[in-house]
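To start, the structure under review is shown below, and the notes come after it.
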Protein chains: 4
Amino acid sequence: MIDASKASKASAVVKYGMVGGGEGSFIGDVHRKAAAFDGKCRLVAGCFSRDYNNTLRTGKNLDIVKGRLYKDYMEMARAEAEREDGIDFVSIVTTNSTHFEVAKAFLEAGINVSCDKPLCFETGQAKELKRLAEEKGLLFLVTYAYSGYPMVEEARNIVKAGQIGEVRTVMGEYPQDWLTDLEEETDNKQAKWRTDPEIAGISNCVGDIGSHIENTVNYITGLRIKRLCARLEYIPPSRPLDTNAHVMVEYENGASGMYWSSQIAVGHENGLCIRIYGTRGSVEWVQETPNSLRVCSLGEPAKIYTRGQGYLSPQAQKLTRLPAGHPEAYYEAFANLYSKFADAIIKKSIGEDLDGNDLCFTGVAEGLNGVEFIHKCVESSSKGCVWVDVEQL
Amino acid sequence: MIDASKASKASAVVKYGMVGGGEGSFIGDVHRKAAAFDGKCRLVAGCFSRDYNNTLRTGKNLDIVKGRLYKDYMEMARAEAEREDGIDFVSIVTTNSTHFEVAKAFLEAGINVSCDKPLCFETGQAKELKRLAEEKGLLFLVTYAYSGYPMVEEARNIVKAGQIGEVRTVMGEYPQDWLTDLEEETDNKQAKWRTDPEIAGISNCVGDIGSHIENTVNYITGLRIKRLCARLEYIPPSRPLDTNAHVMVEYENGASGMYWSSQIAVGHENGLCIRIYGTRGSVEWVQETPNSLRVCSLGEPAKIYTRGQGYLSPQAQKLTRLPAGHPEAYYEAFANLYSKFADAIIKKSIGEDLDGNDLCFTGVAEGLNGVEFIHKCVESSSKGCVWVDVEQL
Amino acid sequence: MIDASKASKASAVVKYGMVGGGEGSFIGDVHRKAAAFDGKCRLVAGCFSRDYNNTLRTGKNLDIVKGRLYKDYMEMARAEAEREDGIDFVSIVTTNSTHFEVAKAFLEAGINVSCDKPLCFETGQAKELKRLAEEKGLLFLVTYAYSGYPMVEEARNIVKAGQIGEVRTVMGEYPQDWLTDLEEETDNKQAKWRTDPEIAGISNCVGDIGSHIENTVNYITGLRIKRLCARLEYIPPSRPLDTNAHVMVEYENGASGMYWSSQIAVGHENGLCIRIYGTRGSVEWVQETPNSLRVCSLGEPAKIYTRGQGYLSPQAQKLTRLPAGHPEAYYEAFANLYSKFADAIIKKSIGEDLDGNDLCFTGVAEGLNGVEFIHKCVESSSKGCVWVDVEQL
Amino acid sequence: MIDASKASKASAVVKYGMVGGGEGSFIGDVHRKAAAFDGKCRLVAGCFSRDYNNTLRTGKNLDIVKGRLYKDYMEMARAEAEREDGIDFVSIVTTNSTHFEVAKAFLEAGINVSCDKPLCFETGQAKELKRLAEEKGLLFLVTYAYSGYPMVEEARNIVKAGQIGEVRTVMGEYPQDWLTDLEEETDNKQAKWRTDPEIAGISNCVGDIGSHIENTVNYITGLRIKRLCARLEYIPPSRPLDTNAHVMVEYENGASGMYWSSQIAVGHENGLCIRIYGTRGSVEWVQETPNSLRVCSLGEPAKIYTRGQGYLSPQAQKLTRLPAGHPEAYYEAFANLYSKFADAIIKKSIGEDLDGNDLCFTGVAEGLNGVEFIHKCVESSSKGCVWVDVEQL
């Protein structure tokens with residue numbers, strides 16, 4: 001699939017298709033911009049909607065040849081797998097409820113998968129996708145956007161290098177305020193589906209944003225959650241799904257954590273903030289000012305690390321395009337996910353072995369953990385906010 | 001006791017004595033500076049130490065006549081009660097372990113009491129102090145410093161006025177890092193007694209700083225805790241008392257809260273931060289930058305209120321001395337506690353009725369709540385971090 | 001040139017060519033990413049380098065057909081002007097020294113021009129470009145990046161609406177530290193050409209970054225400079241061009257301003273900060289945290305406006321893609337310049353009249369002012385830092 | 001005068017008298033609180049007002065014996081000089097217009113002087129005070145408040161230690177907004193006298209706040225101004241004195257500086273901010289958040305130094321009372337001035353030699369520089385904003 005003649009890292013371009021993301025979709029456009037950003041991925045096929053006319057219109061605007069605009073994703077998986085110049089991966093940006101079936105179809109067709117988060121509804125489904133990907137030897141990306149930020153990468157490297165000692169406690173929070181009022185009763189589509197269990201699944205707040213805390217903390221520290229105690233609140237009570245959640249967690253190394261996610265915290269837009277405290281130091285990252293990282297060592301002045309500087313780890317430097325002080329943000333972070341994924345696909349396609357540095361993105365195993373986390377939060381809360389063990393998958 | 005000829009609010013001076021606070025004490029000096037700050041309180045008697053020589057030296061430096069330097073607090077309570085010009089109140093700044101007995105002695109002698117926080121060790125003791133104060137008709141101040149800040153007062157007024165709607169959820173945190181290492185094994189006296197159950201009581205971290213979250217949230221919102229679920233961590237495990245604590249709370253109105261206090265959070269000095277989220281808005285106050293308050297209303301730009309401005313409530317304006325932009329800080333907040341207490345004592349002494357505005361400080365009832373909070377946190381944690389009901393005292 | 005069948009605003013795509021930006025160029029890639037960002041511009045021709053092989057390699061990577069890869073810009077201007085499907089505009093991203101000749105060539109060929117800033121070396125050249133553009137009725141964009149930020153647009157709208165009253169004084173600063181040491185003696189190419197009068201022109205610091213202050217202030221307030229007094233410093237003295245500059249300005253309405261730009265201000269990366277003070281209020285924007293704007297009204301709490309919110313002006317809302325709290329940054333601001341320019345070209349191509357809202361970008365007239373500003377700063381400084389009049393062009 | 005039996009540094013108390021600061025004075029109370037703060041100074045005499053009844057009332061409230069309440073300052077100087085237990089220093093807090101005559105009287109009587117800033121109206125007067133103080137061997141403090149902040153002291157030590165290399169450029173600003181409207185036409189007393197040349201002298205904005213920039217920069221760097229170019233603006237024009245001023249300065253070492261002071265900058269309360277840039281690093285201090293200092297070294301992350309930490313210089317540590325994170329502010333900074341002055345007086349009284357560490361406060365020589373600075377700004381501006389030399393006094 002990869003054009004062998006182009007398979008130098010510098011110039012190789014990966015071909016991909018998209019399921020979902022038709023007219024009216026917001027996130028599809030974000031994914032396409034991100035994939036195109038560094039010129040490593042080219043969109044060549046799509047099944048953008050259940051409505052074929054929507055797919056046709058979307059595809060035409062994107063200059064995709066009609067022959068690769070599909071009526072349904074099953075057909076797309078089959079046809080692209082058969083083409084000599086078929087897609088190298090599919091990007092799944094449908095609503096959560098269909099992630100599983102679509103991902104499964106492409107894995108079974110032997111095609112690498114990038115899937116929006118959360119991976120799927122059920123832990124069992126997630127296990128099946130993991131099993132399939134491993135069985136087929138396919139690459140799998142779950143697009144948790146925040147792990148794409150350079151300063152999150154730097155935090156990960158700082159922790160990995162032992163600079164803050166052993167992790168003792170973690171504070172993660174993700175406050176928003178866009179569901180303070182009953183937006184779902186207006187014509188706000190996002191609000192409608194996020195608060196609808198049929199489409200969003202068993203959780204809204206934890207599923208949508210609490211899961212980002214779990215993922216980002218895991219990405220930075222590598223720590224897995226052993227057990228947790230969660231209180232999910234349905235505010236106001238008429239809502240069928242949670243809009244505010246407090247979760248106490250315990251990690252496998254004995255460290256503790258506390259996660260707060262909220263969609264009713266007036267005055268916050270997208271306030272993801274991750275703070276990791278170790279025996280010797282700490283790191284703090286705030287999504288709304290993503291170009292800096294507060295790094296502390298015991299007994300020393302706090303240091304403000306900034307994106308683009310020469311003192312950063314090579315891994316963090318690699319994820320940046322602009323000189324220090326010229327800010328990069330959400331799109332660029334998202335682009336890093338696709339860039340990492342494309343690099344891994346190319347490397348694999350030319351027969352090289354992939355190591356941890358190549359696979360420094362959220363894969364299907366971490367995606368599975370994310371699904372399990374959501375389920376355990378709901379379980380703990382529904383049992384009266386008690387401690388429940390998290391399966392080590 | 002109050003000099004009637006001086007009993008105009010403007011010029012009246014309240015006389016007080018102090019128990020504790022001799023040479024080598026840090027907090028005694030803070031209290032004396034605070035009490036002296038606005039010229040409303042004059043120190044005229046003391047039992048500064050169990051070591052009479054220390055009391056004599058301390059008293060001499062403070063220009064207190066020798067006849068009012070006492071060998072023990074019982075004698076002081078008795079003697080001052082008998083004097084025509086006896087003290088109007090006693091300020092108790094001893095270690096936590098003796099608050100109860102000293103406060104009791106002065107209440108029984110008919111003398112108003114200001115006592116450092118926490119009020120005492122046991123809930124039963126706290127109830128007895130409350131009963132005694134009520135029975136004797138005496139004023140009682142528990143010196144939780146942070147409720148003395150003008151912008152905390154403003155937050156309280158904003159919430160009381162309904163500006164943020166009904167409170168839905170609360171985030172309180174108080175991270176420090178001074179006990180990251182085993183400071184108690186050095187010659188750090190503060191570290192030694194804070195981590196010693198004999199002197200600090202059943203909790204270190206929750207008792208010392210978690211209790212400030214409880215008090216400040218209660219001061220701002222008026223909300224009482226109905227039940228809670230606490231995890232107290234002894235980090236490192238060799239320590240006999242907690243140094244890190246996560247507490248989920250539920251208030252009597254159904255709102256939720258989450259309190260984090262820590263003494264091992266590297267990079268934080270004294271990071272008390274209180275955030276109150278209501279149905280229409282929110283307030284946020286950070287102790288290390290105490291002269292401002294972030295105030296949000298749904299759908300509007302965040303507003304930064306600042307101390308000393310004409311748009312603040314009269315209650316907040318009253319607690320400030322300097323023009324806006326000339327910062328006030330910890331001492332001045334502490335001074336506000338003594339100023340409020342002195343005002344109440346004077347008003348009472350001239351026979352006027354005291355209302356809520358006169359009693360806008362932490363009294364013995366709230367002090368009792370504070371003791372109960374500490375006990376319930378320890379109980380919840382020792383039972384395995386389960387939910388426990390808090391007695392409505 | 002515009003495909004008439006596509007000439008609905010929604011789907012029309014503008015074709016452009018690029019001069020400069022070959023392999024090894026940083027800014028060329030920024031421009032291409034920016035132009036591609038919203039799908040409104042398609043790169044179809046290029047003369048990326050004086051080295052034709054570089055142009056061929058660059059063009060191939062960008063999927064440009066060989067027939068539209070040109071050996072020199074004169075040929076390109078001529079050929080594209082003759083093609084039925086020729087480019088709608090050219091984007092000039094060469095070094096400053098060639099802006100004039102290239103821009104002139106394309107204007108004479110009847111092609112709209114986007115040119116990197118500063119417009120050119122000499123005021124006379126700038127006047128000629130202005131005359132040519134007007135004579136030919138062509139659109140001209142000078143790509144001052146910072147005017148593309150949504151919150152700069154909001155600041156402009158706030159000032160225009162009279163919300164801060166009449167402007168009284170302005171503070172603009174743009175500190176960097178990348179030339180603190182003699183970087184030009186290392187292999188730092190940027191440092192080499194920026195400090196070389198042959199390529200950079202008569203000024204380095206004022207020409208490169210001081211000019212951004214002038215432009216951004218003008219974009220927000222509309223105010224023209226009447227006279228100025230500038231001190232350009234060559235630090236260290238061995239340098240042939242300025243690296244630090246203080247400029248006092250007087251605007252045509254009598255208001256005053258002070259501009260500081262520096263490349264030797266240790267601790268600053270790209271610290272452009274613009275503050276406008278009026279009789280009733282003020283606005284403050286900081287480039288490194290570009291998603292917010294501090295807005296003050298006399299006697300009220302400061303307000304923090306944030307990108308993506310519904311309370312912003314339609315003009316500012318239009319320049320944003322992501323929901324509030326999901327930051328956008330430098331690339332997206334740059335993309336806004338191309339988006340505005342493409343919109344204007346499309347509107348013009350279908351025969352509609354353009355008004356101020358269509359032309360809300362830095363055109364050739366403002367570009368001319370920018371060149372004059374640089375010259376007058378150098379003149380003032382070389383005369384001993386005295387006041388000089390600025391020609392009202 | 002100093003009680004020899006008390007002349008150990010620990011317990012010695014310095015006696016002082018005050019001229020000015022009667023009922024209705026704001027600054028008198030600030031000085032008295034500051035002087036009392038650390039228990040080193042005791043107020044024992046006063047001539048608080050030209051109205052003797054005011055002096056009597058003020059003195060009574062301050063518990064000063066009637067015999068030391070004086071009808072005029074000449075009498076006070078004479079009488080206190082003759083007393084065995086006379087004052088060790090006088091604190092002059094009258095309006096600017098009388099500083100000279102009062103200070104002169106006390107110097108001539110052989111009494112150390114603390115005088116509010118600016119030192120006096122005329123350079124000639126200032127020279128005379130300097131000559132007198134030197135001739136009599138008396139200590140002289142000019143109470144520029146901001147040099148009392150611990151983090152300003154730290155900045156001074158950092159610069160002195162060469163940590164930022166040689167100073168290249170300086171940015172000082174001091175924006176306020178309290179004179180945006182014509183407050184002097186209301187009953188605002190401060191506004192009335194500040195804008196009245198009879199009382200405020202030849203400058204309002206530069207004299208009142210611009211002079212603080214000059215002093216604080218000098219305190220931190222030790223640099224003297226060689227020449228300057230100032231634009232003083234009378235906004236609105238009806239005002240007889242300046243309310244906005246831009247000043248370009250050149251220091252004796254060739255470094256440059258730019259000072260902006262304003263009383264019409266809406267949105268600022270008391271925004272003194274000092275930034276010093278050297279060849280290797282920089283320091284930045286902001287008065288409204290005075291407990292921290294931003295310190296940068298080229299190529300390294302910015303560091304945030306905070307008051308109360310063990311890594312600070314001994315000089316900065318000595319000026320703090322509370323643990324890190326418990327903020328100190330304006331009163332405490334002011335108290336540090338009196339504390340330093342009292343220490344010097346005590347040390348001198350017991351015959352010890354004073355060195356630079358003892359005299360680390362603004363003395364009469366620096367006070368003279370301050371007066372010269374104001375005059376030269378006015379001179380430069382009135383000549384059309386041209387460069388004028390500053391006399392090296």
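By convention in this document, the chains of the structure tokens carry letters A, B, ... by their order, each chain's residues are numbered from 1, and ligands are numbered from 1 in the order they are shown.
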Selection: 9 Å around Glu214 of chain D, only C-alpha atoms, excl. self and same-chain fewer than 6 positions, as an NGL selection string: :D and (172 or 225 or 259 or 369-370 or 373)
Please, which residues in chain C fall within 7 Å of chain D when counting only C-alpha atoms, and what is the closest atom pair and distance in Å to one decimal for each, ordered by chain then residue number, as a tab-separated table?
residue	atom	partner	partner_atom	distance
C:Thr180	CA	D:Thr279	CA	6.9
C:Ala265	CA	D:Tyr277	CA	5.7
C:Val266	CA	D:Gly281	CA	5.3
C:Gly267	CA	D:Cys296	CA	5.2
C:Tyr277	CA	D:Ala265	CA	5.8
C:Thr279	CA	D:Thr180	CA	6.9
C:Gly281	CA	D:Val266	CA	5.3
C:Ser282	CA	D:Val266	CA	5.8
C:Cys296	CA	D:Gly267	CA	5.2
C:Ser297	CA	D:Gly267	CA	6.9
C:Leu298	CA	D:Val266	CA	5.8
C:Ala302	CA	D:Gly267	CA	6.6
C:Val386	CA	D:Val386	CA	7.0
Contacts of segment 359-368 of chain A within 6 Å, only C-alpha atoms, excl. fewer than 6 positions in-chain, as a PyMOL selection string: chain A and resi 119+126+130+140-142
Those residues you just picked out, can you put them in a file as a tab-separated table (two decimals), in the first residue's frame with N, CA and C atoms?
chain	number	residue	atom	x	y	z
A	119	LEU	N	-12.69	4.19	22.82
A	119	LEU	CA	-12.54	3.13	21.83
A	119	LEU	C	-13.89	2.51	21.44
A	126	ALA	N	-13.87	-4.03	23.49
A	126	ALA	CA	-12.51	-3.51	23.47
A	126	ALA	C	-11.50	-4.64	23.47
A	130	LYS	N	-8.69	-5.52	20.64
A	130	LYS	CA	-7.28	-5.71	21.01
A	130	LYS	C	-6.78	-7.06	20.48
A	140	PHE	N	-2.84	0.38	15.72
A	140	PHE	CA	-4.11	0.92	16.19
A	140	PHE	C	-3.83	2.18	17.00
A	141	LEU	N	-4.48	3.24	16.60
A	141	LEU	CA	-4.35	4.51	17.32
A	141	LEU	C	-5.71	4.92	17.86
A	142	VAL	N	-5.76	5.26	19.13
A	142	VAL	CA	-6.97	5.88	19.68
A	142	VAL	C	-6.64	7.36	19.89
Test item: residues at most 7 Å from Leu223 of chain D, only C-alpha atoms, excluding those fewer than 3 positions along its chain, as a list in words: Asn218, Tyr251 and Glu252 of chain D
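Between atom CA of Ala191 of chain C and atom CA of Gly210 of chain C lies a distance of 16.5 Å.
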